[in-house]
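*Asks:* Quick one: the structure is below, questions incoming.
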Protein chains: 2
Amino acid sequence: MSKKKRAGLHDVAKLAGVSHTTVSRVLNGQQYVSEKTKLKVEKAMLQLDYRPNLHARSLVTSSSATVGILIISDANLVGSLKILSEVSVEATKANFLTSITTFDRKADESLRHAMFRLLDQGLAGIVVISARKEGLDELVQLANGLPLVFCKAGPDNFGYRIKLENEIAAYRATHQLISLGHKKIVHFSGPHGLIDSDDRREGFERAMREAHLEPDMIYEGDWSADSGYKLGKDLISSGKKFTAVFSGNDKMALGLIHALNQKSLEVPRDVSIVGFDDLEESKHYRPALTTVRQDFSEFGSRAIAMLQSQMAGEGKPNFEQLNPELVIRNSCDVVLQK
Amino acid sequence: MSKKKRAGLHDVAKLAGVSHTTVSRVLNGQQYVSEKTKLKVEKAMLQLDYRPNLHARSLVTSSSATVGILIISDANLVGSLKILSEVSVEATKANFLTSITTFDRKADESLRHAMFRLLDQGLAGIVVISARKEGLDELVQLANGLPLVFCKAGPDNFGYRIKLENEIAAYRATHQLISLGHKKIVHFSGPHGLIDSDDRREGFERAMREAHLEPDMIYEGDWSADSGYKLGKDLISSGKKFTAVFSGNDKMALGLIHALNQKSLEVPRDVSIVGFDDLEESKHYRPALTTVRQDFSEFGSRAIAMLQSQMAGEGKPNFEQLNPELVIRNSCDVVLQK
DNA sequence: TGAACTTATGTTAACGTTCACATAACGAAA
DNA sequence: TTTCGTTATGTGAACGTTAACATAAGTTCA
């Protein structure tokens, strides 16, 4: 319960018998400090348990070594949180602090306002994590040159963005089904407007068209297993013929399997299914799910690297895509005559 | 690309024809400002697009309206991230900013060091999210009176803590199995030392003992479906007799079901299972899982409320527990003679 | 009428840094 | 020796706020 005030540069300086500027120089590892005084100062710092006052530093330099993260929340919050965590860890490694703020599109607050929360802190850069691109242009303007990186969705004309190659992955997943002989293929998509949903749907459509199949059976869910279940029931009761489903994510695929099973339809005997995400547990579904593995692990390091390259003024906008991989398991089979 | 410097209090003051102190008073909504000048000042602020410099403010008040969140990462990162998100949202509602830092017990960094990252920022309070209690006492000391709240694990003698009633929930889950006539009940626990694992194991043991059953079949996993699968295979090949399993979480239960199915054992016909968590998808497992629902939704608001009560100096340490609920579905059945 | 509050505003000094600039000490080159 | 460059250190002014204190103007009341 020491009521003593924290030691400042001046206190250290006095103890070490030097000027506060010299202490500052030692603190920032600048040149032109003799080894001898450096040692003296460091000893004094230790002795006084000195810790620099970041606010004072930021005030004078008008920027703190902090990266801000703006999470625009949507259906798939967990995914965004994983990216958040990644970014935060990498930021720490690069000696940045992390400040976050969440924006909920349903809340009665403007995105502008949320962005100001970050901007007011005088940050070194901002990472925006969003699944929709609406309103994101405004952020670029507001940032006004401050280093900025978008994860997942981002404005079309803005260079610094990181996303998965959803379209290609979905193309491959669909193609897998087609190459097994399926022709009546259904797609369960995520909510309209989410970049993941849209990209995957487009990949599906492209694969179908290339095979001269009509991509006309598309059902929209909300990523939840519940919605997959509901969509499955709808699909079955619609009486439409289909032999395979490409689900926009694994959880909806699980719900679908449930719905199928309730009508005594088995996977892959009656219906083949490909999912998307490769959740840790997807291999334990019944049957084990063929799916697309997403690798979030590089989001963080790439985001920070992009931020740093902007800080260094290196320019070079680079649009990075991360490459998912198809994992073949038991939920698909060659098509039977029906 | 306006190269103009941001307007400060002085600029606003000059434009409004008052002193910067008056502007400061308007800014902070203090009394003793006439309506007339208040309007003048507000107009000037708007005109100059004034935004206060938080660093300058923090420097003089030596505290920023920011809550820090320290996440101590472990096996169940997703759970911690959900709490993080909750806390952050509630903090924003209460007009706090949020600064986070992650600490990985496996990294070659000390917990001390991670805590200093937050402490150095001169925060208004800190929320610690940890699944293990090791090393947490030190944090209380380091905080040195700064408002502090622990989510999940916390030092035994520290008042401000929020956790689920894991022990009671596990007791009920186990009791459910016992009341269906099961006697040979296995428990799949999470990693030793995690507060969730330990509490659930204790609840299991208490229920067993009260029913005069020996809680001697306890297997330790790591929360993953993979580990549940592996444990399931081990259990089966051990040849031990059992009719029910209380799994420490739903994912391990899923892995277990997988392992059981591979040996042509069906749930609940051959083995009854109760899980823990009630994941959104657990009702779509095959069979739908009887499990314990965890409600994280109050973690955030309670944590912030606790922080605020400490800031206000209200004292009153209160140890809050959140109450989970048993959800009965199809994975349990009365015991058959075996 | 003026003493004593209350309300409204201004003056000035912190807060703990960094940074531009001035200066001191010390060799090396002339 | 003088002069000059390099290295080492100190001085003092910012940075943009808040807060203690001083002062001015109004209002109440004896």
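Chain labels A, B, ... are given in the sequence in which chains occur in the structure tokens; within each chain residues are numbered consecutively from 1, and ligands are likewise numbered from 1 in the order shown.
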After a least-squares superposition of chain B on chain A over all Cα atoms matched in order, what is the RMSD to one decimal?

*Replies:*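 C-alpha RMSD after optimal superposition stands at 0.1 Å.
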
*Asks:* I need the chain B residues near chain D as a compact mmCIF listing (two decimals) with C-alpha atoms, in the first residue's frame; criterion: at most 12 Å, counting only C-alpha atoms (C1' of nucleotides).

*Replies:*
```
# COMPACT_ATOMS: atom_id res chain seq x y z
CA ARG B 6 -6.23 19.00 -35.01
CA ALA B 7 -7.93 21.80 -33.15
CA GLY B 8 -7.20 22.00 -29.43
CA LEU B 9 -8.96 23.62 -26.52
CA HIS B 10 -7.17 26.88 -27.24
CA ASP B 11 -8.35 27.04 -30.80
CA HIS B 20 -9.66 27.48 -22.71
CA THR B 21 -10.74 26.66 -19.19
CA THR B 22 -14.30 27.55 -20.00
CA VAL B 23 -14.14 25.26 -22.99
CA SER B 24 -12.82 22.53 -20.76
CA ARG B 25 -15.73 23.08 -18.43
CA LEU B 27 -16.45 19.66 -22.44
CA ASN B 28 -16.76 18.00 -19.08
CA ARG B 51 -12.06 16.10 -30.50
CA PRO B 52 -10.40 16.00 -27.12
CA ASN B 53 -6.90 14.63 -26.84
CA LEU B 54 -7.25 11.68 -24.53
CA HIS B 55 -3.54 11.42 -23.85
CA ALA B 56 -3.36 14.95 -22.55
CA ARG B 57 -6.36 14.34 -20.38
CA SER B 58 -4.98 11.11 -19.02
CA LEU B 59 -1.64 12.71 -18.35
CA VAL B 60 -3.11 15.26 -16.03
CA THR B 61 -5.76 13.08 -14.43
CA SER B 62 -3.38 10.13 -14.40
```

*Asks:* Could you check which of A:Thr291, A:Gln310, A:Asn76, A:Ser272 is closest to chain B, using only C-alpha atoms?

*Replies:* A:Asn76

*Asks:* Starting from chain C, keep only residues with some atom at most 8 Å from an atom of chain A, counting only C-alpha atoms (C1' of nucleotides), and report them as JSON, numbers by chain.

*Replies:* {"C": [15, 16, 17, 18]}

*Asks:* Would you put the residues from that selection into a file with N, CA and C atoms (P, O5', C5', C4', C3', O3' and C1' of nucleotides), as an mmCIF file, in the first residue's frame?

*Replies:*
```cif
data_model
loop_
_atom_site.group_PDB
_atom_site.id
_atom_site.type_symbol
_atom_site.label_atom_id
_atom_site.label_comp_id
_atom_site.auth_asym_id
_atom_site.auth_seq_id
_atom_site.Cartn_x
_atom_site.Cartn_y
_atom_site.Cartn_z
ATOM 1 P P DC C 15 3.639 18.032 -11.076
ATOM 2 O "O5'" DC C 15 2.994 16.823 -11.879
ATOM 3 C "C5'" DC C 15 1.599 16.612 -12.012
ATOM 4 C "C4'" DC C 15 1.335 15.890 -13.297
ATOM 5 C "C3'" DC C 15 2.570 15.210 -13.894
ATOM 6 O "O3'" DC C 15 2.579 13.855 -13.478
ATOM 7 C "C1'" DC C 15 1.239 16.339 -15.566
ATOM 8 P P DG C 16 3.958 13.205 -12.927
ATOM 9 O "O5'" DG C 16 4.711 12.762 -14.257
ATOM 10 C "C5'" DG C 16 4.097 11.779 -15.071
ATOM 11 C "C4'" DG C 16 4.810 11.726 -16.391
ATOM 12 C "C3'" DG C 16 6.321 11.499 -16.284
ATOM 13 O "O3'" DG C 16 6.671 10.533 -17.252
ATOM 14 C "C1'" DG C 16 5.881 13.403 -17.579
ATOM 15 P P DT C 17 8.073 9.867 -17.282
ATOM 16 O "O5'" DT C 17 8.226 9.627 -18.842
ATOM 17 C "C5'" DT C 17 8.945 10.551 -19.620
ATOM 18 C "C4'" DT C 17 8.147 10.867 -20.851
ATOM 19 C "C3'" DT C 17 9.041 11.151 -22.035
ATOM 20 O "O3'" DT C 17 9.013 10.038 -22.907
ATOM 21 C "C1'" DT C 17 7.527 12.964 -21.637
ATOM 22 P P DT C 18 10.304 9.784 -23.818
ATOM 23 O "O5'" DT C 18 10.173 10.968 -24.898
ATOM 24 C "C5'" DT C 18 9.167 10.886 -25.895
ATOM 25 C "C4'" DT C 18 9.233 12.118 -26.767
ATOM 26 C "C3'" DT C 18 10.492 12.211 -27.628
ATOM 27 O "O3'" DT C 18 10.072 12.662 -28.918
ATOM 28 C "C1'" DT C 18 10.286 14.160 -26.306
#
```

*Asks:* What lies within 7 Å of region 2-11 of chain C using only C-alpha atoms (C1' of nucleotides), ignoring chain neighbours under 5 positions off, as a JSON list (two decimals) with C-alpha atoms, in the first residue's frame?

*Replies:*
```json
[["chain", "number", "residue", "atom", "x", "y", "z"],
["B", 19, "SER", "CA", -10.76, 31.05, -22.17],
["B", 32, "TYR", "CA", -20.99, 27.26, -13.52],
["B", 33, "VAL", "CA", -21.15, 27.86, -17.24],
["B", 34, "SER", "CA", -23.87, 30.11, -18.56]]
```

*Asks:* List the neighbours of Asn318 (chain B) out to 10 Å using only C-alpha atoms (C1' of nucleotides); skip same-chain residues closer than 3 positions along the sequence, and give me the result as a PyMOL selection string.

*Replies:* chain B and resi 158-162+306+315+321

*Asks:* With C-alpha atoms retained, export the selected residues as a short mmCIF file (atom, residue, chain, number, x, y, z; two decimals), in the first residue's frame.

*Replies:*
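The result, written out as result-v1.cif:
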```cif
data_model
loop_
_atom_site.label_atom_id
_atom_site.label_comp_id
_atom_site.auth_asym_id
_atom_site.auth_seq_id
_atom_site.Cartn_x
_atom_site.Cartn_y
_atom_site.Cartn_z
CA PHE B 158 -10.14 -12.17 -3.42
CA GLY B 159 -13.72 -10.94 -3.40
CA TYR B 160 -14.38 -9.79 -6.91
CA ARG B 161 -14.89 -12.86 -8.99
CA ILE B 162 -17.46 -14.17 -11.44
CA MET B 306 -18.13 -4.91 -10.09
CA GLY B 315 -16.38 -2.04 -1.27
CA GLN B 321 -21.89 -17.30 -9.39
#
```

*Asks:* I'd like to know which of B:Ser80, B:Thr102, B:Thr243, B:Ser197 is closest to chain A, using only C-alpha atoms.

*Replies:* B:Thr102

*Asks:* Could you pull the residues within 12 Å of Arg209 (chain B), counting only C-alpha atoms (C1' of nucleotides), minus those fewer than 6 positions along the same chain, as a list in words?

*Replies:*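 With the cut-off at 12 Å, the set is Tyr171, Thr174, His175, Ile178, Lys183, Ile185, Glu202, Gly203, Pro215 and Asp216 of chain B.
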
*Asks:* Residues of chain A within 8 Å of chain B, counting only C-alpha atoms, what are they? List them as an MDAnalysis selection string.

*Replies:* chainID A and resid 1 51:56 58:59 78 81:82 85 88:89 92 97:102 117 120:121 144:145 224:226 229 251 254:255 258 280:281 284:286

*Asks:* Need the shell around Glu214 (chain B): protein/DNA/RNA residues with any atom at most 12 Å away, counting only C-alpha atoms (C1' of nucleotides). Skip same-chain ones fewer than 3 positions apart. Format as a list in words?

*Replies:*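 So, after excluding close chain neighbours, the residues are Lys183, Lys184, Ile185, Val186, His187, Phe204, Glu205, Arg206, Ala207, Met208, Arg209, Glu210, Ala211, Met217 and Ile218 of chain B.
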
*Asks:* Leaving out Ala153 (chain A) and any residue of its chain fewer than 5 positions from it, which residues lie within 12 Å of it when counting only C-alpha atoms (C1' of nucleotides), given as number ranges by chain?

*Replies:* A: 71-72, 80, 127-137, 158-164, 166, 193-199, 319, 321

*Asks:* Generate the output file for the selected residues, C-alpha atoms, as a CSV table (one decimal), in the first residue's frame.

*Replies:*
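File written: out06.csv
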```
chain,number,residue,atom,x,y,z
A,71,ILE,CA,-14.9,-5.6,-34.8
A,72,ILE,CA,-18.1,-5.3,-36.7
A,80,SER,CA,-14.2,-12.6,-35.9
A,127,VAL,CA,-7.4,-3.3,-38.1
A,128,VAL,CA,-11.0,-3.7,-39.1
A,129,ILE,CA,-12.7,-7.0,-38.9
A,130,SER,CA,-16.0,-7.1,-40.8
A,131,ALA,CA,-18.1,-9.7,-42.7
A,132,ARG,CA,-20.0,-7.1,-44.7
A,133,LYS,CA,-18.5,-4.3,-46.7
A,134,GLU,CA,-21.3,-1.8,-46.3
A,135,GLY,CA,-20.1,1.4,-44.8
A,136,LEU,CA,-16.5,0.5,-44.9
A,137,ASP,CA,-15.5,3.2,-47.4
A,158,PHE,CA,-8.7,-0.3,-50.9
A,159,GLY,CA,-5.4,-2.2,-51.1
A,160,TYR,CA,-4.8,-3.5,-47.7
A,161,ARG,CA,-7.1,-6.4,-47.2
A,162,ILE,CA,-6.8,-10.0,-46.0
A,163,LYS,CA,-9.4,-12.6,-46.8
A,164,LEU,CA,-9.7,-16.3,-47.5
A,166,ASN,CA,-13.6,-18.5,-50.4
A,193,GLY,CA,-24.4,-9.8,-47.9
A,194,LEU,CA,-21.8,-11.4,-45.8
A,195,ILE,CA,-18.6,-11.6,-47.9
A,196,ASP,CA,-18.1,-15.3,-46.9
A,197,SER,CA,-21.6,-16.2,-48.0
A,198,ASP,CA,-21.5,-14.3,-51.2
A,199,ASP,CA,-18.0,-15.6,-52.2
A,319,PHE,CA,-4.4,-7.8,-51.6
A,321,GLN,CA,-5.8,-14.0,-50.0
```

*Asks:* With DSSP run on the backbone, what are the strand (DSSP E) residues within region 230-274 of chain A? I'd like them as a ChimeraX atom specification.

*Replies:* /A:244-247,272-274

*Asks:* With DSSP run on the backbone, what are the alpha helix (DSSP H) residues within region 56-185 of chain B? I'd like them as a ChimeraX atom specification.

*Replies:* /B:56-61,77-93,111-119,136-143,166-179
